[in-house]
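Engineer: Just one file: protein04.tsv, with TSV, C-alpha atoms.
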```tsv
chain	number	residue	atom	x	y	z
P	571	MET	CA	-13.69	3.02	9.78
P	572	ALA	CA	-17.25	4.34	9.50
P	573	GLU	CA	-18.46	7.24	11.60
P	574	LYS	CA	-21.68	5.36	12.36
P	575	ASP	CA	-19.68	2.67	14.18
P	576	LEU	CA	-18.37	5.22	16.67
P	577	LYS	CA	-21.92	6.24	17.54
P	578	ILE	CA	-23.12	2.76	18.54
P	579	THR	CA	-22.11	3.43	22.13
P	580	ASP	CA	-19.87	5.79	24.08
P	581	ASN	CA	-17.48	2.91	24.75
P	582	VAL	CA	-16.18	2.57	21.20
P	583	TRP	CA	-12.74	3.71	20.03
P	584	TYR	CA	-10.93	3.28	16.76
P	585	VAL	CA	-7.21	2.52	16.58
P	586	GLY	CA	-5.72	2.12	13.12
P	587	THR	CA	-4.12	3.94	10.25
P	588	ASP	CA	-5.30	6.71	7.97
P	589	ALA	CA	-5.61	4.67	4.77
P	590	SER	CA	-5.16	7.71	2.56
P	591	GLN	CA	-1.79	8.37	4.19
P	592	ASP	CA	-0.63	4.89	3.13
P	593	GLY	CA	-1.36	5.79	-0.48
P	594	GLN	CA	0.30	9.18	-0.12
P	595	ILE	CA	3.49	7.51	1.07
P	596	GLN	CA	3.41	5.19	-1.95
P	597	GLY	CA	3.21	8.31	-4.11
P	598	GLU	CA	6.23	9.77	-2.31
P	599	MET	CA	8.21	6.57	-2.84
P	600	LEU	CA	7.39	6.49	-6.54
P	601	ARG	CA	8.33	10.16	-6.89
P	602	LYS	CA	11.66	9.52	-5.15
P	603	ILE	CA	12.76	6.72	-7.43
P	604	TRP	CA	11.48	8.57	-10.50
P	605	ASN	CA	13.48	11.67	-9.61
P	606	GLU	CA	16.62	9.77	-8.64
P	607	GLN	CA	16.62	6.84	-11.09
P	608	ARG	CA	14.50	7.94	-14.04
P	609	ASN	CA	16.56	5.95	-16.53
P	610	ARG	CA	15.99	2.78	-14.50
P	611	VAL	CA	12.24	3.33	-14.24
P	612	ASP	CA	11.51	4.63	-17.75
P	613	LYS	CA	12.55	1.51	-19.63
P	614	ASN	CA	10.78	2.42	-22.88
P	615	LYS	CA	12.01	6.04	-22.72
P	616	ASN	CA	8.58	7.59	-23.33
P	617	GLY	CA	8.95	10.05	-20.46
P	618	LYS	CA	6.09	8.42	-18.52
P	619	ILE	CA	5.66	5.93	-15.69
P	620	ASP	CA	3.63	3.15	-17.27
P	621	TYR	CA	1.94	1.51	-14.31
P	622	VAL	CA	-0.71	-0.93	-13.16
P	623	LEU	CA	-2.81	-0.28	-10.05
P	624	ILE	CA	-4.03	-3.28	-8.05
P	625	GLU	CA	-6.74	-2.47	-5.52
P	626	GLY	CA	-8.11	-4.49	-2.63
P	627	GLU	CA	-11.73	-5.50	-2.17
P	628	GLU	CA	-14.07	-3.43	-4.31
P	629	ASP	CA	-15.89	-0.71	-2.32
P	630	HIS	CA	-13.73	-1.41	0.75
P	631	TYR	CA	-13.02	1.74	2.73
P	632	ASP	CA	-9.26	1.14	2.98
P	633	ALA	CA	-8.90	0.22	-0.70
P	634	ILE	CA	-10.71	3.37	-1.80
P	635	ARG	CA	-8.73	5.62	0.54
P	636	ARG	CA	-5.35	4.05	-0.26
P	637	THR	CA	-5.94	4.43	-3.99
P	638	LYS	CA	-7.20	7.99	-3.60
P	639	GLY	CA	-4.21	8.92	-1.45
P	640	PHE	CA	-1.81	7.55	-4.04
P	641	LEU	CA	-3.48	9.27	-6.98
P	642	GLU	CA	-3.78	12.62	-5.20
P	643	ASN	CA	-0.11	12.57	-4.19
P	644	SER	CA	1.05	11.56	-7.67
P	645	LYS	CA	-0.60	14.30	-9.71
P	646	ASP	CA	2.77	15.85	-10.55
P	647	LEU	CA	4.15	12.56	-11.89
P	648	PRO	CA	3.82	11.60	-15.58
P	649	LEU	CA	1.64	8.56	-14.90
P	650	ASN	CA	0.26	6.42	-17.69
P	651	THR	CA	-2.28	3.85	-16.46
P	652	LEU	CA	-2.03	0.50	-18.22
P	653	GLY	CA	-4.67	-1.15	-16.06
P	654	THR	CA	-6.59	-1.04	-12.80
P	655	LEU	CA	-7.38	-4.40	-11.23
P	656	SER	CA	-9.25	-5.53	-8.11
P	657	ALA	CA	-7.77	-8.55	-6.34
P	658	SER	CA	-9.52	-8.55	-2.94
P	659	TRP	CA	-6.26	-8.36	-0.94
P	660	ASN	CA	-5.36	-11.85	-2.24
P	661	ARG	CA	-1.97	-13.00	-3.55
P	662	GLN	CA	-3.24	-15.74	-5.86
P	663	LEU	CA	-5.98	-13.54	-7.27
P	664	ALA	CA	-3.52	-10.71	-7.93
P	665	TYR	CA	-1.32	-13.16	-9.83
P	666	LYS	CA	-4.29	-14.36	-11.86
P	667	LYS	CA	-5.68	-10.90	-12.64
P	668	PHE	CA	-2.27	-9.52	-13.57
P	669	SER	CA	-1.55	-12.51	-15.85
P	670	GLN	CA	-4.77	-11.76	-17.73
P	671	LEU	CA	-3.52	-8.37	-18.90
P	672	ASP	CA	-2.51	-8.35	-22.55
P	673	ASN	CA	1.13	-9.06	-23.32
P	674	ASN	CA	1.80	-5.51	-24.47
P	675	ALA	CA	0.59	-4.05	-21.17
P	676	ILE	CA	2.67	-6.51	-19.15
P	677	SER	CA	5.82	-5.91	-21.19
P	678	SER	CA	5.31	-2.12	-20.88
P	679	THR	CA	4.70	-2.13	-17.11
P	680	GLU	CA	7.32	-0.09	-15.26
P	681	ALA	CA	5.60	0.10	-11.87
P	682	VAL	CA	2.88	-1.82	-10.03
P	683	ILE	CA	1.13	-0.06	-7.14
P	684	CYS	CA	-0.74	-2.41	-4.80
P	685	ASN	CA	-3.14	-1.72	-1.93
P	686	ASN	CA	-1.36	-4.36	0.18
P	687	ASP	CA	1.68	-6.63	0.27
P	688	ASP	CA	-0.11	-9.89	-0.52
P	689	MET	CA	-1.22	-8.56	-3.90
P	690	ALA	CA	2.25	-7.10	-4.50
P	691	LEU	CA	3.72	-10.55	-3.85
P	692	GLY	CA	1.25	-12.06	-6.31
P	693	VAL	CA	2.66	-9.77	-9.00
P	694	TYR	CA	6.18	-10.68	-7.88
P	695	ASP	CA	5.27	-14.39	-8.25
P	696	TYR	CA	4.14	-13.78	-11.84
P	697	TYR	CA	7.37	-12.08	-12.88
P	698	LYS	CA	9.55	-14.70	-11.20
P	699	GLU	CA	7.63	-17.61	-12.73
P	700	LYS	CA	7.91	-16.06	-16.21
P	701	ASN	CA	11.57	-15.17	-15.60
P	702	LEU	CA	10.91	-11.51	-16.44
P	703	ALA	CA	12.71	-8.44	-15.10
P	704	LEU	CA	10.79	-7.04	-12.14
P	705	PRO	CA	9.19	-3.60	-12.39
P	706	ILE	CA	9.03	-1.19	-9.45
P	707	ILE	CA	6.58	-2.86	-7.03
P	708	LEU	CA	5.02	-1.02	-4.08
P	709	GLY	CA	2.85	-2.59	-1.37
P	710	ILE	CA	1.39	-1.75	2.03
P	711	ASN	CA	1.89	-3.53	5.41
P	712	ASN	CA	5.61	-4.42	5.35
P	713	SER	CA	4.94	-8.12	5.94
P	714	GLN	CA	7.92	-10.31	6.78
P	715	GLU	CA	8.19	-11.83	3.31
P	716	MET	CA	7.75	-8.44	1.66
P	717	ASN	CA	10.44	-6.94	3.88
P	718	GLU	CA	12.86	-9.74	3.00
P	719	LYS	CA	12.34	-9.12	-0.71
P	720	ILE	CA	12.77	-5.37	-0.22
P	721	MET	CA	16.02	-5.83	1.68
P	722	SER	CA	17.28	-8.25	-0.98
P	723	GLY	CA	16.64	-5.57	-3.60
P	724	GLU	CA	13.98	-7.51	-5.53
P	725	ILE	CA	11.00	-5.36	-4.53
P	726	TYR	CA	11.30	-1.61	-4.18
P	727	GLY	CA	9.14	-0.77	-1.18
P	728	SER	CA	6.19	-1.01	1.17
P	729	VAL	CA	4.41	1.11	3.78
P	730	ASP	CA	4.72	0.02	7.41
P	731	ASN	CA	1.55	0.82	9.36
P	732	ASN	CA	3.44	0.82	12.66
P	733	MET	CA	1.48	-2.07	14.16
P	734	ASP	CA	3.55	-2.13	17.37
P	735	ASN	CA	2.44	1.43	18.05
P	736	GLN	CA	-1.20	0.47	17.42
P	737	VAL	CA	-1.02	-2.51	19.78
P	738	LEU	CA	0.50	-0.34	22.52
P	739	ARG	CA	-2.27	2.20	22.07
P	740	ILE	CA	-4.96	-0.50	22.29
P	741	VAL	CA	-3.45	-1.93	25.48
P	742	LYS	CA	-3.32	1.50	27.10
P	743	CYS	CA	-6.88	2.23	26.04
P	744	MET	CA	-8.07	-1.10	27.50
P	745	GLU	CA	-6.29	-0.36	30.77
P	746	SER	CA	-8.03	3.00	30.93
P	747	VAL	CA	-11.41	1.37	30.23
P	748	LEU	CA	-10.87	-1.09	33.07
P	749	ASN	CA	-9.88	1.77	35.36
P	750	GLY	CA	-12.90	3.83	34.30
P	751	ASN	CA	-10.74	6.66	32.96
P	752	THR	CA	-11.22	7.10	29.21
P	753	LYS	CA	-11.88	10.82	28.89
P	754	LYS	CA	-8.33	11.53	27.76
P	755	TYR	CA	-8.67	9.22	24.74
P	756	LYS	CA	-9.86	10.53	21.41
P	757	LYS	CA	-12.47	8.40	19.70
P	758	VAL	CA	-10.18	7.96	16.68
P	759	TRP	CA	-6.41	7.45	16.86
P	760	TYR	CA	-4.09	6.82	13.94
P	761	SER	CA	-0.56	5.46	14.07
P	762	THR	CA	2.04	7.06	11.82
P	763	PRO	CA	2.91	4.90	8.80
P	764	TYR	CA	6.31	5.15	7.16
P	765	ALA	CA	8.06	4.10	3.96
P	766	VAL	CA	10.23	1.00	3.89
P	767	THR	CA	12.84	0.72	1.15
P	768	ARG	CA	16.32	-0.70	0.90
P	769	GLU	CA	17.77	2.65	-0.15
```
Could you write out this structure as structure tokens?
Structural biologist:
Amino acid sequence: MAEKDLKITDNVWYVGTDASQDGQIQGEMLRKIWNEQRNRVDKNKNGKIDYVLIEGEEDHYDAIRRTKGFLENSKDLPLNTLGTLSASWNRQLAYKKFSQLDNNAISSTEAVICNNDDMALGVYDYYKEKNLALPIILGINNSQEMNEKIMSGEIYGSVDNNMDNQVLRIVKCMESVLNGNTKKYKKVWYSTPYAVTRE
């Protein structure tokens, strides 16, 4: 969401999610599993979380904010970056980009942090095709397929952007526009995202 868009006309509102909060929640999820199941996460016993970051479209507002939120909320964790990839929100591209990492990086990966679920599922596809043990995978959106894999215990977690709440807000805002009563609505409204894990 760009501030300039809100200034096009008085009759413009933004309903969405604070992208940085999505990333912050991913940081909280990673911290939780690290604190509670360190032996499970730290497979090579080096005292660090060896991870790969997969971002959405380069220079995209949400990708930048989600990544920044994650990194800022993970400063206290012993992170060791094995790679940062850009996969444009795309499952197949995430699979391809991840597969192009060197074998040592892939075998050392203990966590993969993704800007959305599609890219997280692309990484999942790679591990399943190669018959490798899955690392901790985190996504954003809580898509149906992602949720199924979380609840089955294959994927650790995602961030739900509370879309039902956003839709309700949009409908109410539209009703107010039609009734000529929009003064009570802020120009920007964010839903409250939340972590989704099996545990």
Engineer: Closest to P:Met599 among P:Arg768, P:Lys667, P:Lys613, P:Lys757, using only C-alpha atoms?
Structural biologist: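 Closest candidate: P:Arg768.
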Engineer: Need the shell around P:Leu649: protein/DNA/RNA residues with any atom at most 12 Å away, counting all atoms listed in the file. Skip same-chain ones fewer than 4 positions apart. Format as an NGL selection string?
Structural biologist: :P and (597 or 600-601 or 604 or 611-612 or 616-623 or 640-645 or 653 or 679-683)
Engineer: Anything within 12 Å of (7.3, -15.7, -5.5): list those residues as a ChimeraX atom specification, counting all atoms listed in the file and sticking to the file's coordinates.
Structural biologist: /P:661-662,665,688-701,704,715-716,718-719,724-725
Engineer: Put those residues in a file: C-alpha atoms, as a tab-separated table (two decimals), in the frame of the given file.
Structural biologist:
```tsv
chain	number	residue	atom	x	y	z
P	661	ARG	CA	-1.97	-13.00	-3.55
P	662	GLN	CA	-3.24	-15.74	-5.86
P	665	TYR	CA	-1.32	-13.16	-9.83
P	688	ASP	CA	-0.11	-9.89	-0.52
P	689	MET	CA	-1.22	-8.56	-3.90
P	690	ALA	CA	2.25	-7.10	-4.50
P	691	LEU	CA	3.72	-10.55	-3.85
P	692	GLY	CA	1.25	-12.06	-6.31
P	693	VAL	CA	2.66	-9.77	-9.00
P	694	TYR	CA	6.18	-10.68	-7.88
P	695	ASP	CA	5.27	-14.39	-8.25
P	696	TYR	CA	4.14	-13.78	-11.84
P	697	TYR	CA	7.37	-12.08	-12.88
P	698	LYS	CA	9.55	-14.70	-11.20
P	699	GLU	CA	7.63	-17.61	-12.73
P	700	LYS	CA	7.91	-16.06	-16.21
P	701	ASN	CA	11.57	-15.17	-15.60
P	704	LEU	CA	10.79	-7.04	-12.14
P	715	GLU	CA	8.19	-11.83	3.31
P	716	MET	CA	7.75	-8.44	1.66
P	718	GLU	CA	12.86	-9.74	3.00
P	719	LYS	CA	12.34	-9.12	-0.71
P	724	GLU	CA	13.98	-7.51	-5.53
P	725	ILE	CA	11.00	-5.36	-4.53
```
Engineer: What is the atom CA of P:Val737-atom CA of P:Tyr631 distance in Å, reported with one decimal?
Structural biologist: 21.3 Å
Engineer: Considering all atoms listed in the file, state which residue in the set P:Thr587, P:Lys638, P:Leu652, P:Asp629 is at the smallest distance from P:Asp672.
Structural biologist: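 That would be P:Leu652, the residue with the smallest distance to P:Asp672.
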Engineer: Atom CA of P:Thr637 and atom CA of P:Gln591 are how many Å apart?
Structural biologist: 10.0 Å
Engineer: How far is it from atom CA of P:Thr767 to atom CA of P:Thr651, in Å with one decimal?
Structural biologist: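 About the pair atom CA of P:Thr767 and atom CA of P:Thr651: they are 23.4 Å apart.
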Engineer: Calculated over all atoms listed in the file, which of the candidates P:Ala633, P:Leu671, P:Leu702, P:Leu708 has the smallest distance to P:Ser658?
Structural biologist: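 Once distances to P:Ser658 are computed over all atoms listed in the file, the minimum belongs to P:Ala633.
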Engineer: With all atoms of stretch 660-674 of chain P from the file as input, state the centre and edge lengths in Å to one decimal of the axis-aligned box that has 3 Å extra on each side, as JSON.
Structural biologist:
```
{"center_x": -2.1, "center_y": -10.6, "center_z": -13.4, "size_x": 13.8, "size_y": 16.2, "size_z": 28.2}
```
Engineer: Using all atoms listed in the file, which protein or nucleic acid residues come within 7 Å of P:Ile710? Drop anything in the same chain fewer than 3 positions from it, and give the result as a list in words.
Structural biologist: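 Within the cut-off, the hits are Asn685, Asn686, Asp687, Ser728, Val729 and Asp730 of chain P.
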Engineer: Calculated over only C-alpha atoms, which of the candidates P:Phe668, P:Tyr584, P:Tyr726, P:Trp659 has the smallest distance to P:Ile603?
Structural biologist: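 Checking each candidate against P:Ile603, we get P:Tyr726 as the closest.
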Engineer: Given the choices P:Gly593, P:Val766, P:Asn751, P:Arg739, which gets closest to P:Asn712 if the distance is worked out from all atoms listed in the file?
Structural biologist: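 Closest to P:Asn712 of all the choices is P:Val766.
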Engineer: From the set P:Pro705, P:Gly626, P:Gly639, P:Gly727, which residue has the shortest atom-to-atom contact distance to P:Lys602, counting only C-alpha atoms?
Structural biologist: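 Among P:Pro705, P:Gly626, P:Gly639, P:Gly727, it is P:Gly727 that comes nearest to P:Lys602.
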